[in-house]
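What follows is the content of my_file08.tsv (TSV, C-alpha atoms).
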```
chain	number	residue	atom	x	y	z
A	1186	MET	CA	97.63	147.23	134.72
A	1187	ARG	CA	99.76	144.24	135.58
A	1188	THR	CA	98.13	141.19	137.02
A	1189	SER	CA	99.67	139.99	140.28
A	1190	HIS	CA	102.41	137.44	139.82
A	1191	SER	CA	100.63	134.89	142.02
A	1192	SER	CA	97.83	134.53	139.45
A	1193	LYS	CA	100.22	133.84	136.57
A	1194	THR	CA	101.81	130.57	135.48
A	1195	PRO	CA	105.40	130.38	134.19
A	1196	VAL	CA	105.36	128.90	130.68
A	1197	VAL	CA	108.61	127.92	128.97
A	1198	ILE	CA	108.31	128.10	125.16
A	1199	THR	CA	110.93	126.54	122.89
A	1200	ALA	CA	111.32	128.02	119.41
A	1201	GLY	CA	111.30	124.77	117.46
A	1202	ASP	CA	113.08	124.72	114.10
A	1203	PRO	CA	114.39	128.29	113.60
A	1204	SER	CA	113.73	127.96	109.87
A	1205	GLY	CA	110.08	127.09	110.42
A	1206	ILE	CA	107.01	129.00	111.58
A	1207	GLY	CA	107.78	128.55	115.29
A	1208	PRO	CA	109.13	132.06	115.93
A	1209	GLU	CA	106.23	133.62	114.02
A	1210	ILE	CA	103.43	131.78	115.83
A	1211	ILE	CA	105.11	132.40	119.19
A	1212	LEU	CA	105.33	136.16	118.61
A	1213	LYS	CA	101.77	136.34	117.29
A	1214	SER	CA	100.47	134.36	120.28
A	1215	LEU	CA	102.28	136.39	122.92
A	1216	SER	CA	101.04	139.64	121.41
A	1217	LEU	CA	97.54	138.77	122.66
A	1218	ARG	CA	96.51	140.45	125.90
A	1219	GLU	CA	94.40	137.47	126.97
A	1220	LEU	CA	97.55	135.35	127.25
A	1221	ALA	CA	99.55	138.12	128.93
A	1222	LYS	CA	97.02	138.07	131.77
A	1223	LYS	CA	97.57	134.37	132.44
A	1224	ILE	CA	101.25	133.55	132.02
A	1225	ILE	CA	104.84	134.65	132.53
A	1226	PRO	CA	106.46	133.53	129.26
A	1227	LEU	CA	110.07	132.46	128.85
A	1228	ILE	CA	111.14	131.89	125.23
A	1229	ILE	CA	114.21	129.79	124.45
A	1230	GLY	CA	115.63	130.30	120.97
A	1231	ASP	CA	117.73	132.67	118.89
A	1232	TYR	CA	116.90	136.33	119.42
A	1233	SER	CA	118.26	137.31	116.00
A	1234	VAL	CA	115.74	135.02	114.28
A	1235	PHE	CA	112.90	136.43	116.36
A	1236	ARG	CA	114.00	139.98	115.57
A	1237	ARG	CA	113.95	139.22	111.84
A	1238	THR	CA	110.56	137.52	112.20
A	1239	ALA	CA	109.15	140.51	114.10
A	1240	LYS	CA	110.09	142.80	111.22
A	1241	ILE	CA	108.33	140.53	108.73
A	1242	ILE	CA	105.08	140.36	110.70
A	1243	LYS	CA	105.37	143.95	111.99
A	1244	ILE	CA	105.18	143.10	115.69
A	1245	ASP	CA	106.87	145.24	118.33
A	1246	ILE	CA	109.64	143.17	119.90
A	1247	SER	CA	110.45	145.68	122.65
A	1248	PRO	CA	108.49	143.80	125.39
A	1249	ILE	CA	111.01	140.96	125.00
A	1250	ARG	CA	113.97	141.22	127.33
A	1251	PRO	CA	117.13	139.12	127.62
A	1252	CYS	CA	117.23	136.57	130.40
A	1253	VAL	CA	120.18	134.53	131.60
A	1254	SER	CA	118.47	132.20	134.06
A	1255	ALA	CA	115.11	130.79	135.09
A	1256	ASP	CA	114.96	133.39	137.87
A	1257	CYS	CA	113.68	135.96	135.37
A	1258	THR	CA	110.31	134.22	135.34
A	1259	LYS	CA	109.71	135.95	138.67
A	1260	ASP	CA	109.15	139.16	136.72
A	1261	ALA	CA	105.64	139.66	135.40
A	1262	GLY	CA	104.68	142.02	132.60
A	1263	VAL	CA	107.51	141.18	130.20
A	1264	ILE	CA	108.40	138.43	127.74
A	1265	ASN	CA	111.62	136.83	128.93
A	1266	PHE	CA	114.05	135.43	126.36
A	1267	VAL	CA	117.00	133.06	126.72
A	1268	ASP	CA	119.15	133.62	123.64
A	1269	LEU	CA	121.20	130.51	122.87
A	1270	LYS	CA	122.81	132.23	119.85
A	1271	ASN	CA	122.95	129.04	117.81
A	1272	ILE	CA	122.15	130.56	114.42
A	1273	ARG	CA	124.31	132.77	112.22
A	1274	LEU	CA	122.08	135.15	110.30
A	1275	LYS	CA	124.54	135.24	107.42
A	1276	GLY	CA	123.17	132.64	105.04
A	1277	PHE	CA	120.12	131.93	107.20
A	1278	ARG	CA	117.00	130.98	105.25
A	1279	PHE	CA	113.44	130.30	106.30
A	1280	GLY	CA	111.84	127.10	105.02
A	1281	SER	CA	115.01	125.04	104.81
A	1282	SER	CA	115.90	121.67	106.31
A	1283	SER	CA	119.46	121.53	107.59
A	1284	LYS	CA	121.72	119.89	110.15
A	1285	ALA	CA	122.44	123.26	111.80
A	1286	TYR	CA	118.78	124.11	112.25
A	1287	GLY	CA	118.01	120.63	113.55
A	1288	LYS	CA	120.81	120.90	116.10
A	1289	ALA	CA	119.62	124.32	117.22
A	1290	SER	CA	116.01	123.16	117.66
A	1291	MET	CA	117.06	120.24	119.86
A	1292	GLU	CA	119.31	122.48	121.95
A	1293	TYR	CA	116.36	124.80	122.53
A	1294	LEU	CA	114.33	121.78	123.59
A	1295	ALA	CA	117.00	120.40	125.91
A	1296	SER	CA	117.31	123.79	127.59
A	1297	GLY	CA	113.53	124.06	127.88
A	1298	ILE	CA	113.29	120.65	129.55
A	1299	SER	CA	115.98	121.67	132.03
A	1300	VAL	CA	114.24	124.93	132.94
A	1301	ALA	CA	110.75	123.39	133.17
A	1302	SER	CA	112.11	120.63	135.41
A	1303	ARG	CA	113.54	123.19	137.83
A	1304	LEU	CA	110.63	125.60	137.91
A	1305	ASN	CA	107.85	124.50	140.22
A	1306	GLY	CA	104.49	124.68	138.48
A	1307	ALA	CA	105.87	125.64	135.08
A	1308	GLY	CA	104.56	124.31	131.79
A	1309	LEU	CA	106.56	123.60	128.65
A	1310	VAL	CA	105.27	124.50	125.17
A	1311	THR	CA	107.29	123.32	122.19
A	1312	ALA	CA	107.08	124.82	118.71
A	1313	PRO	CA	107.42	122.34	115.82
A	1314	ILE	CA	110.69	120.64	114.93
A	1315	ASN	CA	111.62	119.02	111.63
A	1316	LYS	CA	112.32	115.30	111.90
A	1317	ALA	CA	114.63	115.24	108.87
A	1318	SER	CA	116.71	118.11	110.27
A	1319	ILE	CA	117.10	116.66	113.76
A	1320	ASN	CA	118.14	113.30	112.32
A	1321	LYS	CA	120.71	115.05	110.11
A	1322	ALA	CA	122.06	116.56	113.33
A	1323	GLY	CA	122.43	113.12	114.89
A	1324	PHE	CA	119.31	113.07	117.07
A	1325	LYS	CA	117.77	109.70	116.22
A	1326	PHE	CA	114.30	110.33	117.62
A	1327	ALA	CA	110.92	110.10	115.90
A	1328	GLY	CA	109.89	113.40	117.45
A	1329	HIS	CA	109.39	115.51	120.57
A	1330	THR	CA	107.64	112.81	122.59
A	1331	GLU	CA	110.44	110.30	122.26
A	1332	PHE	CA	113.13	112.86	123.15
A	1333	LEU	CA	111.14	114.14	126.13
A	1334	SER	CA	110.73	110.59	127.39
A	1335	HIS	CA	114.45	109.90	126.99
A	1336	ARG	CA	115.65	113.18	128.49
A	1337	THR	CA	113.40	113.06	131.56
A	1338	LYS	CA	113.79	109.28	132.00
A	1339	SER	CA	110.02	108.92	131.83
A	1340	LYS	CA	109.40	105.42	130.51
A	1341	ASN	CA	105.61	105.46	130.53
A	1342	VAL	CA	104.48	108.40	128.39
A	1343	THR	CA	101.38	108.84	126.27
A	1344	MET	CA	100.68	111.16	123.36
A	1345	MET	CA	97.27	112.75	123.87
A	1346	LEU	CA	95.67	115.30	121.58
A	1347	ARG	CA	92.85	117.72	122.24
A	1348	GLY	CA	90.82	119.42	119.56
A	1349	GLY	CA	87.33	120.81	119.88
A	1350	ALA	CA	85.14	118.20	121.56
A	1351	LEU	CA	87.68	115.40	121.13
A	1352	LEU	CA	90.42	113.98	123.33
A	1353	VAL	CA	92.41	111.14	121.81
A	1354	SER	CA	95.34	109.09	123.10
A	1355	LEU	CA	97.63	107.01	120.89
A	1356	VAL	CA	98.91	103.52	121.68
A	1357	THR	CA	101.46	103.73	118.84
A	1358	ARG	CA	102.81	107.00	117.48
A	1359	HIS	CA	105.14	107.71	114.58
A	1360	ILE	CA	105.63	104.32	112.96
A	1361	PRO	CA	104.77	103.03	109.46
A	1362	ILE	CA	101.23	101.70	109.12
A	1363	ASN	CA	102.49	98.25	108.08
A	1364	LYS	CA	104.27	97.92	111.44
A	1365	VAL	CA	101.39	98.96	113.69
A	1366	SER	CA	100.06	95.46	114.29
A	1367	LYS	CA	103.31	94.03	115.58
A	1368	HIS	CA	103.81	97.03	117.88
A	1369	LEU	CA	100.43	96.60	119.56
A	1370	THR	CA	100.65	94.82	122.90
A	1371	LYS	CA	98.26	94.27	125.76
A	1372	ARG	CA	100.65	96.15	128.05
A	1373	LYS	CA	100.82	99.24	125.80
A	1374	ILE	CA	97.04	99.42	125.50
A	1375	ILE	CA	96.65	99.12	129.27
A	1376	GLN	CA	99.32	101.76	129.99
A	1377	THR	CA	97.85	104.20	127.46
A	1378	THR	CA	94.37	103.79	128.88
A	1379	GLU	CA	95.54	104.10	132.49
A	1380	ASN	CA	97.50	107.27	131.67
A	1381	THR	CA	94.45	108.67	129.91
A	1382	HIS	CA	92.15	107.81	132.82
A	1383	ARG	CA	94.55	109.43	135.28
A	1384	ALA	CA	94.83	112.60	133.18
A	1385	LEU	CA	91.07	112.93	132.79
A	1386	LYS	CA	90.64	112.78	136.55
A	1387	SER	CA	93.62	114.81	137.78
A	1388	LEU	CA	94.18	117.32	134.96
A	1389	PHE	CA	90.80	117.69	133.28
A	1390	LYS	CA	88.86	117.25	136.55
A	1391	ILE	CA	86.43	114.64	135.22
A	1392	PRO	CA	85.46	112.62	138.31
A	1393	GLN	CA	84.19	109.50	136.52
A	1394	PRO	CA	85.85	109.33	133.09
A	1395	LYS	CA	84.36	107.35	130.22
A	1396	ILE	CA	86.94	106.03	127.77
A	1397	GLY	CA	86.30	104.31	124.46
A	1398	ILE	CA	88.93	101.95	123.12
A	1399	ALA	CA	89.09	101.70	119.35
A	1400	ALA	CA	89.48	98.51	117.39
A	1401	LEU	CA	92.25	98.20	114.82
A	1402	ASN	CA	90.42	96.49	111.98
A	1403	PRO	CA	87.22	97.41	110.10
A	1404	HIS	CA	84.09	96.40	112.02
A	1405	ALA	CA	86.32	95.42	114.96
A	1406	GLY	CA	87.62	92.44	113.02
A	1407	GLU	CA	84.23	90.77	112.38
A	1408	GLU	CA	85.04	87.96	114.86
A	1409	GLY	CA	88.40	87.37	113.22
A	1410	PHE	CA	87.25	87.42	109.61
A	1411	LEU	CA	88.75	90.91	109.02
A	1412	GLY	CA	91.66	90.60	111.41
A	1413	THR	CA	92.60	88.90	114.66
A	1414	GLU	CA	94.18	91.71	116.70
A	1415	GLU	CA	90.90	92.43	118.50
A	1416	LYS	CA	90.67	88.83	119.76
A	1417	THR	CA	94.33	88.30	120.55
A	1418	VAL	CA	95.47	91.69	121.91
A	1419	ILE	CA	92.88	94.45	122.23
A	1420	SER	CA	89.96	92.61	123.86
A	1421	PRO	CA	92.19	90.97	126.51
A	1422	ALA	CA	93.51	94.42	127.41
A	1423	VAL	CA	90.00	95.87	127.55
A	1424	ASN	CA	88.75	93.01	129.74
A	1425	PHE	CA	91.66	93.59	132.13
A	1426	LEU	CA	90.90	97.32	132.28
A	1427	LYS	CA	87.17	96.79	132.88
A	1428	LYS	CA	88.01	94.84	136.02
A	1429	ARG	CA	90.11	97.72	137.35
A	1430	MET	CA	88.09	100.81	136.46
A	1431	LYS	CA	84.61	101.88	135.46
A	1432	GLY	CA	83.65	103.66	132.26
A	1433	ILE	CA	85.66	101.54	129.80
A	1434	ILE	CA	84.00	100.49	126.55
A	1435	GLY	CA	85.36	98.67	123.51
A	1436	PRO	CA	86.93	97.59	121.39
A	1437	LEU	CA	84.59	99.40	119.03
A	1438	PRO	CA	85.00	100.19	115.34
A	1439	ALA	CA	86.69	103.58	115.16
A	1440	ASP	CA	84.04	105.07	112.86
A	1441	SER	CA	81.17	104.49	115.31
A	1442	LEU	CA	83.31	105.22	118.37
A	1443	PHE	CA	84.20	108.69	117.13
A	1444	TYR	CA	80.53	109.39	116.58
A	1445	LYS	CA	80.04	108.68	120.28
A	1446	ALA	CA	83.02	110.86	121.20
A	1447	TYR	CA	81.81	113.75	119.07
A	1448	HIS	CA	78.44	113.57	120.84
A	1449	ASN	CA	80.03	113.48	124.31
A	1450	GLU	CA	79.13	109.87	125.06
A	1451	VAL	CA	82.78	109.21	125.96
A	1452	ASP	CA	85.36	111.64	127.35
A	1453	ALA	CA	88.33	110.27	125.42
A	1454	VAL	CA	89.22	107.72	122.75
A	1455	VAL	CA	92.24	105.42	122.92
A	1456	CYS	CA	93.44	104.86	119.35
A	1457	MET	CA	95.67	102.10	118.06
A	1458	TYR	CA	97.66	104.23	115.60
A	1459	HIS	CA	98.44	107.83	114.68
A	1460	ASP	CA	96.03	108.65	111.85
A	1461	GLN	CA	93.14	106.77	113.46
A	1462	GLY	CA	93.01	109.55	116.05
A	1463	LEU	CA	94.42	112.48	114.11
A	1464	ILE	CA	92.08	112.38	111.11
A	1465	PRO	CA	88.83	112.92	113.05
A	1466	LEU	CA	90.50	115.40	115.39
A	1467	LYS	CA	91.84	117.52	112.55
A	1468	MET	CA	88.54	117.31	110.71
A	1469	THR	CA	86.86	119.02	113.65
A	1470	ALA	CA	89.66	121.25	114.94
A	1471	PHE	CA	92.37	121.63	112.31
A	1472	ASP	CA	93.57	125.06	113.46
A	1473	THR	CA	93.20	124.58	117.22
A	1474	GLY	CA	94.43	121.05	117.96
A	1475	VAL	CA	96.95	120.62	120.78
A	1476	ASN	CA	99.39	117.82	121.53
A	1477	LEU	CA	99.80	116.92	125.22
A	1478	THR	CA	102.40	114.50	126.59
A	1479	LEU	CA	101.22	112.50	129.60
A	1480	GLY	CA	103.63	110.93	132.06
A	1481	LEU	CA	106.28	113.68	132.27
A	1482	PRO	CA	107.31	115.48	135.49
A	1483	PHE	CA	105.79	118.70	134.07
A	1484	ILE	CA	103.00	119.67	131.67
A	1485	ARG	CA	104.10	119.73	128.05
A	1486	THR	CA	101.99	120.84	125.11
A	1487	SER	CA	102.61	121.77	121.50
A	1488	PRO	CA	100.63	122.94	118.48
A	1489	ASP	CA	99.29	120.08	116.41
A	1490	HIS	CA	101.06	120.92	113.15
A	1491	GLY	CA	104.49	120.91	111.60
A	1492	THR	CA	107.17	123.46	110.77
A	1493	GLY	CA	105.29	124.92	107.80
A	1494	PHE	CA	108.39	125.35	105.65
A	1495	ASP	CA	106.24	126.32	102.67
A	1496	ILE	CA	105.01	129.49	104.42
A	1497	ALA	CA	107.88	130.15	106.87
A	1498	GLY	CA	109.18	133.70	106.77
A	1499	LYS	CA	106.16	134.98	104.84
A	1500	GLY	CA	104.00	136.16	107.75
A	1501	GLN	CA	101.17	133.80	106.81
A	1502	ALA	CA	101.24	131.32	109.72
A	1503	ASN	CA	98.08	130.84	111.79
A	1504	PRO	CA	98.92	130.99	115.52
A	1505	SER	CA	95.62	129.47	116.72
A	1506	SER	CA	97.07	126.06	117.64
A	1507	MET	CA	100.00	127.66	119.48
A	1508	ILE	CA	97.60	129.94	121.37
A	1509	GLU	CA	95.58	126.91	122.47
A	1510	ALA	CA	98.76	125.04	123.43
A	1511	ILE	CA	99.90	127.90	125.67
A	1512	LYS	CA	96.45	128.21	127.26
A	1513	LEU	CA	96.28	124.48	127.93
A	1514	ALA	CA	99.79	124.37	129.40
A	1515	ALA	CA	98.93	127.21	131.79
A	1516	LYS	CA	95.61	125.67	132.79
A	1517	LEU	CA	96.88	122.14	133.36
A	1518	SER	CA	100.01	123.29	135.17
A	1519	LYS	CA	97.72	124.86	137.77
A	1520	ASN	CA	95.67	121.66	137.96
A	1521	LYS	CA	98.66	119.34	138.26
```

Can you turn what I pasted into structure tokens?
Amino acid sequence: MRTSHSSKTPVVITAGDPSGIGPEIILKSLSLRELAKKIIPLIIGDYSVFRRTAKIIKIDISPIRPCVSADCTKDAGVINFVDLKNIRLKGFRFGSSSKAYGKASMEYLASGISVASRLNGAGLVTAPINKASINKAGFKFAGHTEFLSHRTKSKNVTMMLRGGALLVSLVTRHIPINKVSKHLTKRKIIQTTENTHRALKSLFKIPQPKIGIAALNPHAGEEGFLGTEEKTVISPAVNFLKKRMKGIIGPLPADSLFYKAYHNEVDAVVCMYHDQGLIPLKMTAFDTGVNLTLGLPFIRTSPDHGTGFDIAGKGQANPSSMIEAIKLAAKLSKNK
């Protein structure tokens, strides 16, 4: 029995790198009845690649139907597909980095952004792209977040990740570790924390959020003996935030702060750099982590893993993170 359309959320899903595991985890996710009850999916990619993937993983592709515009998301009970026809199957290989595949993945993403921007209440879920491939194709972006920010003209975006009991937000994202310190500013820490606070209240429905702000250095710098960033940048930002909102603690050493987060003493952790947040999150929820971009005009999520070139085309990819990304996009799009 079909669920009424009014109870379903349109979710636009971009295929990511066609040579990666994106098509596989999308098909595996959408084959689940629990998702079919909640969303009206619209895939943007290359149908020929999905057809080949379906044969490998032995999934019936008949519920997928061609779609030429966003209007098809009005139809419940089917999986809608916009076929951009960017990939020639002759010579196509899974698990390969190339300019052509990078170009295709970014064209899927650009189309997905356009559709999600037009569809009221829609969420966007993006399968993984390959940074080397997109840069070969001339897209000089560190990843999805940077391109989404550029394309939607959203200057104040934050990368948040959810996994198990943890919610983490990153002040800096994909930059070398030896450049983190010079990229940390009071303004960035304040913006990241404010975006996190706003999301906890409006999207996650936490009325009085508690946010822990991590230090950069071991033992929070030991009063400057192990580093000065806490004194010069992080503490001034924290003091400013404490005057504007309740529930802010820090800067605390990341090791002890994540103990508090894991035991629900704080609702989210603001981290100074990528691995500071990702290591504990993946330790507790490796297969189910979700990336969420705050500050866009629509909800955007993605699985918290890469293109999986080593297993692409072999039917071995775990769809758990993609399933959670789709669920979260549907849920938060209703809350937005």

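Using all atoms listed in the file, the residues found no farther than 7 Å from Gly1287 of chain A, other than those of its own chain fewer than 5 positions away, are Asp1202, Asn1315, Ser1318, Ile1319 and Ala1322 of chain A.
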
- Selection: 7 Å around Met1457 of chain A, only C-alpha atoms, excl. self and same-chain fewer than 2 positions, as a PyMOL selection string: chain A and resi 1355-1357+1399+1401+1455

Please, could you write that set of residues out with C-alpha atoms as a short mmCIF file (atom, residue, chain, number, x, y, z; two decimals), keeping the file's coordinate frame?
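The result, written out as result20.cif:
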```cif
data_model
loop_
_atom_site.label_atom_id
_atom_site.label_comp_id
_atom_site.auth_asym_id
_atom_site.auth_seq_id
_atom_site.Cartn_x
_atom_site.Cartn_y
_atom_site.Cartn_z
CA LEU A 1355 97.63 107.01 120.89
CA VAL A 1356 98.91 103.52 121.68
CA THR A 1357 101.46 103.73 118.84
CA ALA A 1399 89.09 101.70 119.35
CA LEU A 1401 92.25 98.20 114.82
CA VAL A 1455 92.24 105.42 122.92
#
```

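Once Thr1413 of chain A and its same-chain neighbours fewer than 5 positions away are set aside, Ser1366, Lys1367, Ala1400, Leu1401, Asn1402, Pro1403, His1404, Ala1405, Gly1406, Glu1407, Glu1408, Val1418, Ile1419 and Ser1420 of chain A remain within 12 Å of it when counting only C-alpha atoms.
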
Put those residues in a file: C-alpha atoms, as a tab-separated table (two decimals), in the coordinates of the input.
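Final file, out.tsv:
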```tsv
chain	number	residue	atom	x	y	z
A	1366	SER	CA	100.06	95.46	114.29
A	1367	LYS	CA	103.31	94.03	115.58
A	1400	ALA	CA	89.48	98.51	117.39
A	1401	LEU	CA	92.25	98.20	114.82
A	1402	ASN	CA	90.42	96.49	111.98
A	1403	PRO	CA	87.22	97.41	110.10
A	1404	HIS	CA	84.09	96.40	112.02
A	1405	ALA	CA	86.32	95.42	114.96
A	1406	GLY	CA	87.62	92.44	113.02
A	1407	GLU	CA	84.23	90.77	112.38
A	1408	GLU	CA	85.04	87.96	114.86
A	1418	VAL	CA	95.47	91.69	121.91
A	1419	ILE	CA	92.88	94.45	122.23
A	1420	SER	CA	89.96	92.61	123.86
```

- Across A:Arg1273, A:Ser1204, A:Lys1521, A:Asn1503, the smallest distance to Lys1386 of chain A, with only C-alpha atoms counted, is shown by A:Lys1521

- note - atom CA of Val1451 of chain A and atom CA of Phe1471 of chain A are separated by 20.8 Å

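Proximity ranking of A:Phe1266, A:Phe1324, A:Phe1410, A:Tyr1232 relative to Lys1284 of chain A places A:Phe1324 first, based on all atoms listed in the file.
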
- With a distance cut-off of 10 Å and only C-alpha atoms, select the neighbouring residues of segment 1240-1242 of chain A, excluding the residue or stretch itself and same-chain residues fewer than 5 positions from it, and output the selection as a ChimeraX atom specification. /A:1209,1212-1213,1235,1498-1502

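Comparing the minimum interatomic distances between Val1454 of chain A and each of A:Ile1210, A:Leu1351, A:Leu1477, A:Ala1422, counting all atoms listed in the file, we find that A:Leu1351 sits nearest.
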
Find the residues around Glu1379 of chain A up to 9 Å (only C-alpha atoms counted), leave out those fewer than 5 positions away in its own chain, and share them as a PDB file with C-alpha atoms, in the frame of the given file.
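File written: result_21.pdb
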```
ATOM      1  CA  ILE A1374      97.040  99.420 125.500  1.00  0.00           C
ATOM      2  CA  ALA A1384      94.830 112.600 133.180  1.00  0.00           C
ATOM      3  CA  LEU A1426      90.900  97.320 132.280  1.00  0.00           C
TER       4      LEU A1426
END
```

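Distance check against Leu1274 of chain A using only C-alpha atoms: of A:Thr1343, A:Thr1238, A:Ser1299, A:Gln1376, the minimum falls on A:Thr1238.
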